[in-house]
Amino acid sequence: MMEEEEAEESPPLSPSVIKGTEEETPLLSVSPSTIRVTEAAQDGELLTFIIVSQKLSGTGEYHVDRTYEDFDWLQQHLFSLEDVPGIQGIIFPPLPARAQQNAPVKLVRQLGLLAAGENWTPYCRALEAYLQQVAGHSLLGRTQHLETFLTSPEPPGRQKVKKGLFNRLSQAVEGIRKDGHTKDVDDFFRTEREHNLTLTGLSKTAAERFLEVVQTERKIAVACGHFAASLQLCVEAADDPGQDTFSKMCVKISEIMESMKKNVQKVAENDVTTLGLGLDLNSRYQEAEKEMLFRRTCQLVELETASRNAERAKPLKKAAMDEIKKAAEKDFDQVSVVAKQEVARFQRARVAVLRQALVRWCELQILTATGSAEQWNQQLLAFRGPARSQEPSS
Amino acid sequence: MAEQTDNREPEPGRGEELSPEAEPLNSNGQNSLLEEEEEGEDLFTEATEEVSLDSPERDVLLSDGPSPLTPPASLISPHLPHNHLYTHSSFDEMEGEDTPDLLDISILVSDPEKVGEGMNAYMAYKVTTQTSLPLFKTPQATVRRRFSDFLGLHGKLASRYLHVGYLVPPAPEKSIVGMTKVKVGKDDSSSNEFVEKRRAALERYLMRTAKHPVLLKDPDLLTFLECSELPRALSTQALSGAGILRMVNKAADAVNKMTIKMTESDTWFEEKQQKFENLDIQLRKLHCSLESLVCHRKELSVNTALFAKSAAMLGNSEDHTALSRALSQLAEVEEKVEQLHQDQASADFYLLAELLADYIRLIGSVKGVFDQRVRLWQRLQDSLLLLQKKRDAEAKLHANKPEKLQQARDDIRELEGKVQQGERDFEQISKTIRKELVRFEKERVTDFKEVIIKYLESLVQTQQQLIKYWEAFLPEAKAIS
């Protein structure tokens, strides 16, 4: 997941860097890397998440409980932050889809790898990553909403957010749909958009295919368990020595099957909690970048429209149109500046996430395999017994 | 063994010859059920699924036809050269002979080769026997055999020994679907799998047969293992559809008769029978479970391969050099893991599933000999009944007609002989079955133990391979910066 190092690596996007504002926004009172979603408590259909974070001052920690609605509240507010210039250029940390107990099939499918674990732990890890990413973001991390979310004993207000990010851009969106793929004025972004398009698709597929692997592993575990149980039924009370020995064989096979089941379950858990989460996050983050690039493209379209209008404007309206065009230009430039930095930050973060996922996955696989190999080897030696040349007796 | 040549020449006309190759079908010839029709005249062309695990052995015994008074002794083919091996007394001799010698034989079935083209094609297998037993001409013999040869061998052994209570190992299953694929030249993984499955089954079949102290000495088995030329098993002539139907109905009738409860004086048999019934049910359930496991493992292999491709594509599109390389490496490792899953699926199948399947079929043999014992008992009862009737009739005759009296007395003497023979046969088969079951249970333990060991070895090996792959990959993953 996004660790401390990630927040330290990126150059701080302090507001003074961005044109037009000198305002200092308050810092978060908790240390981003200590944010933990420790558990998911179930109350009927309602899931409540316990969030623990360490105070920066070192004087203790905050414990709060939040539902998915609260997370959503936070995300919506982040989208509609005012006075953050170039906000459209931010790649917003992606919030996982809603999770609920006994969710309909469609929702479960949406969650993908996050629902593939044996419990809510992977999902909690994903929520945790989200909070850490928001908290570690130099702009987003400074919002009051986040502070309230993490520290207030009361659940944050449930007021509906008034305007969505896209309201302003709805016309531009229409424009893009009609014009088709809009050409970019900037090479950097043209490349990035193409690249993002490819990677978004591939990342999604990779995550989906990995999920298939995990699900098949679970099926194998079930089959092993089923076989082991059936075999136990074969074991009868020992009447005579011959039967007794055979029963022992059956018990042995049943034990082996049980241990196979545990092994596969462990492998599946390893898969989900490391590479699974990594691939899932990677895929969702690619989508988030895609959305950001799209928003920027919408801004570009707005700009182009404004320029066209300004050009064609009759002398009476010309001044007004020029003003609009200038504003659009300024907006677009701000967005592009933020976007460029965000992209760089994102690329670094992405690599870090995948690296950690792969390393951790590999280490766990080695650990599990070593344990299983040892266990089965012991069983093998015990079963073979001392070397004999004749048939073994019971 | 010059007398052997008689055996091998097909002589359909000789009525008294009870050789299995004779046509038309008689009590011994029923085994032609077991010969596979590999040429186009397959009766089962409508069959779309694999033949079940039911043993044909039961059918052989159940369809045993003619006069119930036919003494079992004559079922043993009279023109075998070493007759004394098959008399009851000589079996008693062999009782103590569990010598290590008998176990010093190893048989391999290998190198399947397609011979011929189209629907007349068949698979030929190399059969290599290595042994130090004096019974064999040479310490090593290699011959080529086709599937119908195996079935022919089994047919002979079954007809000779099953009737007196020996557990003759069942031959591998026929498979219309599988064989057809091979014939039409489908060179895909499922055809290869089929051939491999059959090869392994044939090997196990021969080894099991050779491990049987009585069957090992059978001249037909020796011929099968040693002689380079074997006459084409004749009974593979197509049975008419009506012929099959008749046999099936006969078998059904026999089964109905079976439900008549025999007054079992020996509870041992009753208990054993029940145990085997239970075991049969349980093994079938297990086999089903296992097939599901094998299926999922193969699925895992496929899914792993798909994921590997994804990883490769991600690696290719990746700008970051180290990450790109790591992802490509990941794809390679996953491809190797895919192969491991395949191997594990094979182990699951060839070790566990086929073991269960073999035993399910063997239990069929066990049931068969139990049934045969009941039939012998029934025949004995019939003879006793008839004897009583004749005696009663004779008593009435006594006063009136002296010529008929003599006839009646002759008949009675003959019947008394038959009854005595019947009692001996019943005793003998009971004895044989007891011994066979002891041997069976011993062998079962050995077989299962062997499989458990091999299976554990495969598990350990897989894990060790995985560790190797992951340890090689770890530095690549760590190298991403």
# chains A, B, ... in the order shown; residues from 1 in each chain; ligands from 1
call {"tool": "interface_residues", "arguments": {"of": "chain B", "to": "chain A", "cutoff": "6 Å", "atoms": "only C-alpha atoms", "output": "MDAnalysis selection string"}}
result
chainID B and resid 289 293 296 300 303 307 310 445 460 463 467 470 477
call {"tool": "write_last_selection", "arguments": {"atoms": "all heavy atoms", "output": "compact mmCIF listing (two decimals), in the first residue's frame"}}
result
# COMPACT_ATOMS: atom_id res chain seq x y z
N SER B 289 -15.80 -37.18 -6.06
CA SER B 289 -15.16 -36.04 -5.40
C SER B 289 -13.84 -35.72 -6.05
O SER B 289 -13.50 -34.57 -6.30
CB SER B 289 -14.86 -36.37 -3.94
OG SER B 289 -15.83 -35.91 -3.11
N LEU B 293 -12.01 -32.51 -8.08
CA LEU B 293 -10.73 -31.89 -7.72
C LEU B 293 -9.81 -31.79 -8.93
O LEU B 293 -9.22 -30.74 -9.19
CB LEU B 293 -10.04 -32.70 -6.61
CG LEU B 293 -8.63 -32.27 -6.24
CD1 LEU B 293 -8.61 -30.86 -5.71
CD2 LEU B 293 -8.02 -33.21 -5.23
N HIS B 296 -10.85 -29.00 -11.22
CA HIS B 296 -10.50 -27.66 -10.76
C HIS B 296 -9.02 -27.38 -10.91
O HIS B 296 -8.62 -26.25 -11.21
CB HIS B 296 -10.92 -27.47 -9.30
CG HIS B 296 -12.39 -27.41 -9.11
ND1 HIS B 296 -13.23 -26.74 -9.96
CD2 HIS B 296 -13.20 -27.95 -8.17
CE1 HIS B 296 -14.47 -26.86 -9.55
NE2 HIS B 296 -14.48 -27.59 -8.47
N LEU B 300 -7.30 -24.38 -12.80
CA LEU B 300 -6.30 -23.49 -12.21
C LEU B 300 -5.13 -23.29 -13.15
O LEU B 300 -4.61 -22.20 -13.32
CB LEU B 300 -5.81 -24.04 -10.87
CG LEU B 300 -4.80 -23.16 -10.13
CD1 LEU B 300 -5.37 -21.79 -9.86
CD2 LEU B 300 -4.37 -23.82 -8.83
N ASN B 303 -6.24 -20.92 -15.88
CA ASN B 303 -6.35 -19.53 -15.41
C ASN B 303 -4.98 -18.92 -15.12
O ASN B 303 -4.77 -17.72 -15.35
CB ASN B 303 -7.23 -19.47 -14.16
CG ASN B 303 -8.69 -19.69 -14.49
OD1 ASN B 303 -9.10 -19.53 -15.64
ND2 ASN B 303 -9.49 -20.06 -13.51
N PHE B 307 -3.46 -15.52 -16.73
CA PHE B 307 -2.89 -14.44 -15.94
C PHE B 307 -1.46 -14.14 -16.41
O PHE B 307 -1.05 -12.98 -16.50
CB PHE B 307 -2.91 -14.77 -14.45
CG PHE B 307 -2.21 -13.74 -13.62
CD1 PHE B 307 -2.71 -12.45 -13.51
CD2 PHE B 307 -1.02 -14.03 -12.97
CE1 PHE B 307 -2.07 -11.48 -12.77
CE2 PHE B 307 -0.36 -13.06 -12.21
CZ PHE B 307 -0.88 -11.78 -12.12
N SER B 310 -1.56 -11.91 -19.26
CA SER B 310 -1.86 -10.54 -18.84
C SER B 310 -0.62 -9.83 -18.34
O SER B 310 -0.36 -8.68 -18.68
CB SER B 310 -2.87 -10.53 -17.70
OG SER B 310 -4.16 -10.53 -18.17
N VAL B 445 -3.70 -52.92 1.11
CA VAL B 445 -2.87 -52.09 2.00
C VAL B 445 -1.59 -51.66 1.30
O VAL B 445 -1.20 -50.49 1.33
CB VAL B 445 -2.55 -52.85 3.30
CG1 VAL B 445 -1.47 -52.13 4.08
CG2 VAL B 445 -3.79 -52.99 4.16
N VAL B 460 5.55 -32.83 -2.12
CA VAL B 460 6.80 -32.22 -1.65
C VAL B 460 7.56 -31.62 -2.82
O VAL B 460 8.05 -30.50 -2.78
CB VAL B 460 7.68 -33.25 -0.91
CG1 VAL B 460 9.05 -32.66 -0.61
CG2 VAL B 460 7.02 -33.71 0.37
N GLN B 463 6.11 -28.33 -4.07
CA GLN B 463 6.43 -27.20 -3.21
C GLN B 463 7.87 -26.76 -3.38
O GLN B 463 8.18 -25.57 -3.43
CB GLN B 463 6.16 -27.55 -1.74
CG GLN B 463 4.71 -27.82 -1.41
CD GLN B 463 3.79 -26.70 -1.81
OE1 GLN B 463 3.97 -25.56 -1.41
NE2 GLN B 463 2.81 -27.01 -2.64
N ILE B 467 9.23 -23.11 -4.49
CA ILE B 467 10.20 -22.33 -3.73
C ILE B 467 11.33 -21.87 -4.65
O ILE B 467 11.74 -20.70 -4.63
CB ILE B 467 10.78 -23.14 -2.55
CG1 ILE B 467 9.68 -23.43 -1.53
CG2 ILE B 467 11.93 -22.42 -1.88
CD1 ILE B 467 10.08 -24.41 -0.45
N TRP B 470 10.05 -19.00 -6.94
CA TRP B 470 9.84 -17.73 -6.25
C TRP B 470 11.15 -17.13 -5.76
O TRP B 470 11.33 -15.91 -5.78
CB TRP B 470 8.84 -17.89 -5.10
CG TRP B 470 7.46 -18.21 -5.54
CD1 TRP B 470 6.67 -19.22 -5.10
CD2 TRP B 470 6.70 -17.53 -6.56
NE1 TRP B 470 5.47 -19.21 -5.76
CE2 TRP B 470 5.45 -18.19 -6.66
CE3 TRP B 470 6.94 -16.43 -7.38
CZ2 TRP B 470 4.45 -17.80 -7.54
CZ3 TRP B 470 5.94 -16.03 -8.26
CH2 TRP B 470 4.72 -16.70 -8.33
N ALA B 477 11.86 -8.71 -8.29
CA ALA B 477 10.83 -7.84 -7.72
C ALA B 477 11.48 -6.75 -6.87
O ALA B 477 11.09 -5.58 -6.92
CB ALA B 477 9.86 -8.66 -6.89
call {"tool": "select_by_dssp", "arguments": {"residues": "region 194-233 of chain B", "states": "alpha helix (DSSP H)", "output": "list of chain:residue names"}}
result
B:Phe194, B:Val195, B:Glu196, B:Lys197, B:Arg198, B:Arg199, B:Ala200, B:Ala201, B:Leu202, B:Glu203, B:Arg204, B:Tyr205, B:Leu206, B:Met207, B:Arg208, B:Thr209, B:Ala210, B:Pro219, B:Asp220, B:Leu221, B:Leu222, B:Thr223, B:Phe224, B:Leu225, B:Glu226
call {"tool": "atom_distance", "arguments": {"atom1": "CA of Val264 (chain A)", "atom2": "CA of Lys478 (chain B)"}}
result
25.3 Å
call {"tool": "residues_around", "arguments": {"residues": "region 419-429 of chain B", "least_positions_apart": "4", "cutoff": "10 Å", "atoms": "only C-alpha atoms", "output": "ChimeraX atom specification"}}
result
/B:69-73,88,162-166,369-370,372-387,413-415,433-435
call {"tool": "atom_distance", "arguments": {"atom1": "CA of His320 (chain B)", "atom2": "CA of Leu300 (chain A)"}}
result
28.4 Å
call {"tool": "atom_distance", "arguments": {"atom1": "CA of Gln232 (chain A)", "atom2": "CA of Phe448 (chain B)"}}
result
15.4 Å
call {"tool": "closest_residue", "arguments": {"among": "B:Phe276, B:Phe136, B:Phe473, B:Phe147", "to": "Ile360 (chain B)", "atoms": "only C-alpha atoms"}}
result
B:Phe276
call {"tool": "residues_around", "arguments": {"residues": "His287 (chain B)", "least_positions_apart": "6", "cutoff": "9 Å", "atoms": "only C-alpha atoms", "output": "PyMOL selection string"}}
result
(chain A and resi 227) or (chain B and resi 352-354+356-357)
call {"tool": "residues_around", "arguments": {"residues": "region 88-104 of chain A", "least_positions_apart": "2", "cutoff": "7 Å", "atoms": "only C-alpha atoms", "output": "ChimeraX atom specification"}}
result
/A:45-47,68,86,106-108,110-111,126-127,130,133-134,284-285,288-289,292,295-296,335-336,338-339,342
call {"tool": "write_last_selection", "arguments": {"atoms": "N, CA, C and O atoms", "output": "short mmCIF file (atom, residue, chain, number, x, y, z; two decimals), in the first residue's frame"}}
result
data_model
loop_
_atom_site.label_atom_id
_atom_site.label_comp_id
_atom_site.auth_asym_id
_atom_site.auth_seq_id
_atom_site.Cartn_x
_atom_site.Cartn_y
_atom_site.Cartn_z
N GLU A 45 -27.22 -5.64 8.22
CA GLU A 45 -26.68 -5.37 6.90
C GLU A 45 -25.63 -4.26 6.93
O GLU A 45 -24.94 -4.00 5.96
N LEU A 46 -25.55 -3.57 8.08
CA LEU A 46 -24.68 -2.41 8.16
C LEU A 46 -23.26 -2.80 8.52
O LEU A 46 -23.02 -3.57 9.44
N LEU A 47 -22.32 -2.26 7.78
CA LEU A 47 -20.91 -2.47 8.07
C LEU A 47 -20.32 -1.19 8.65
O LEU A 47 -20.44 -0.12 8.05
N TYR A 68 -19.73 3.22 5.21
CA TYR A 68 -19.36 3.53 3.82
C TYR A 68 -19.90 4.90 3.41
O TYR A 68 -19.24 5.65 2.68
N GLY A 86 -6.86 24.51 -10.07
CA GLY A 86 -6.39 23.35 -10.83
C GLY A 86 -6.85 22.04 -10.25
O GLY A 86 -6.26 21.00 -10.53
N LYS A 106 -24.11 -8.45 -8.57
CA LYS A 106 -23.50 -7.37 -9.34
C LYS A 106 -22.50 -6.59 -8.49
O LYS A 106 -21.41 -6.25 -8.93
N LEU A 107 -22.89 -6.32 -7.24
CA LEU A 107 -22.01 -5.56 -6.36
C LEU A 107 -20.76 -6.35 -6.02
O LEU A 107 -19.66 -5.81 -5.94
N VAL A 108 -20.96 -7.64 -5.79
CA VAL A 108 -19.81 -8.48 -5.45
C VAL A 108 -18.82 -8.49 -6.60
O VAL A 108 -17.62 -8.40 -6.43
N GLN A 110 -18.43 -6.19 -8.75
CA GLN A 110 -17.80 -4.87 -8.81
C GLN A 110 -16.60 -4.81 -7.89
O GLN A 110 -15.58 -4.20 -8.21
N LEU A 111 -16.75 -5.43 -6.73
CA LEU A 111 -15.67 -5.39 -5.75
C LEU A 111 -14.49 -6.25 -6.19
O LEU A 111 -13.36 -6.00 -5.78
N ALA A 126 -7.98 -1.89 1.64
CA ALA A 126 -8.20 -0.97 0.53
C ALA A 126 -8.71 0.39 1.03
O ALA A 126 -8.28 1.45 0.55
N LEU A 127 -9.60 0.38 2.02
CA LEU A 127 -10.11 1.64 2.59
C LEU A 127 -8.97 2.39 3.27
O LEU A 127 -8.85 3.61 3.17
N TYR A 130 -6.84 4.06 0.80
CA TYR A 130 -7.52 5.27 0.34
C TYR A 130 -7.28 6.44 1.30
O TYR A 130 -6.88 7.53 0.88
N GLN A 133 -3.75 7.66 1.23
CA GLN A 133 -3.45 8.41 0.01
C GLN A 133 -4.01 9.84 0.09
O GLN A 133 -3.36 10.80 -0.31
N VAL A 134 -5.24 9.94 0.60
CA VAL A 134 -5.84 11.27 0.73
C VAL A 134 -5.04 12.10 1.72
O VAL A 134 -4.69 13.26 1.46
N ARG A 284 -7.66 0.50 -10.27
CA ARG A 284 -8.56 1.61 -9.93
C ARG A 284 -7.86 2.96 -10.06
O ARG A 284 -8.48 3.95 -10.43
N TYR A 285 -6.59 2.96 -9.75
CA TYR A 285 -5.84 4.20 -9.86
C TYR A 285 -5.66 4.62 -11.32
O TYR A 285 -5.68 5.80 -11.65
N ALA A 288 -8.65 6.31 -12.20
CA ALA A 288 -8.66 7.66 -11.64
C ALA A 288 -7.84 8.61 -12.51
O ALA A 288 -8.23 9.76 -12.75
N GLU A 289 -6.70 8.15 -12.99
CA GLU A 289 -5.89 8.98 -13.87
C GLU A 289 -6.64 9.26 -15.16
O GLU A 289 -6.64 10.39 -15.67
N MET A 292 -9.06 11.95 -14.61
CA MET A 292 -8.41 13.26 -14.53
C MET A 292 -8.06 13.76 -15.93
O MET A 292 -8.33 14.92 -16.27
N ARG A 295 -11.04 15.00 -17.61
CA ARG A 295 -11.48 16.33 -17.14
C ARG A 295 -10.63 17.42 -17.79
O ARG A 295 -11.13 18.46 -18.21
N ARG A 296 -9.35 17.15 -17.86
CA ARG A 296 -8.46 18.14 -18.48
C ARG A 296 -8.82 18.34 -19.95
O ARG A 296 -8.84 19.47 -20.45
N VAL A 335 -4.75 23.76 -14.43
CA VAL A 335 -5.04 22.32 -14.42
C VAL A 335 -3.86 21.55 -15.00
O VAL A 335 -3.44 20.52 -14.45
N SER A 336 -3.31 22.05 -16.08
CA SER A 336 -2.21 21.33 -16.72
C SER A 336 -0.98 21.24 -15.82
O SER A 336 -0.31 20.22 -15.78
N VAL A 338 -0.96 21.32 -12.48
CA VAL A 338 -1.26 20.34 -11.44
C VAL A 338 -1.22 18.94 -12.01
O VAL A 338 -0.65 18.02 -11.42
N ALA A 339 -1.84 18.80 -13.17
CA ALA A 339 -1.93 17.48 -13.79
C ALA A 339 -0.55 16.87 -14.03
O ALA A 339 -0.32 15.69 -13.77
N GLU A 342 0.85 15.71 -10.88
CA GLU A 342 0.09 14.54 -10.42
C GLU A 342 0.49 13.29 -11.18
O GLU A 342 0.61 12.21 -10.61
#
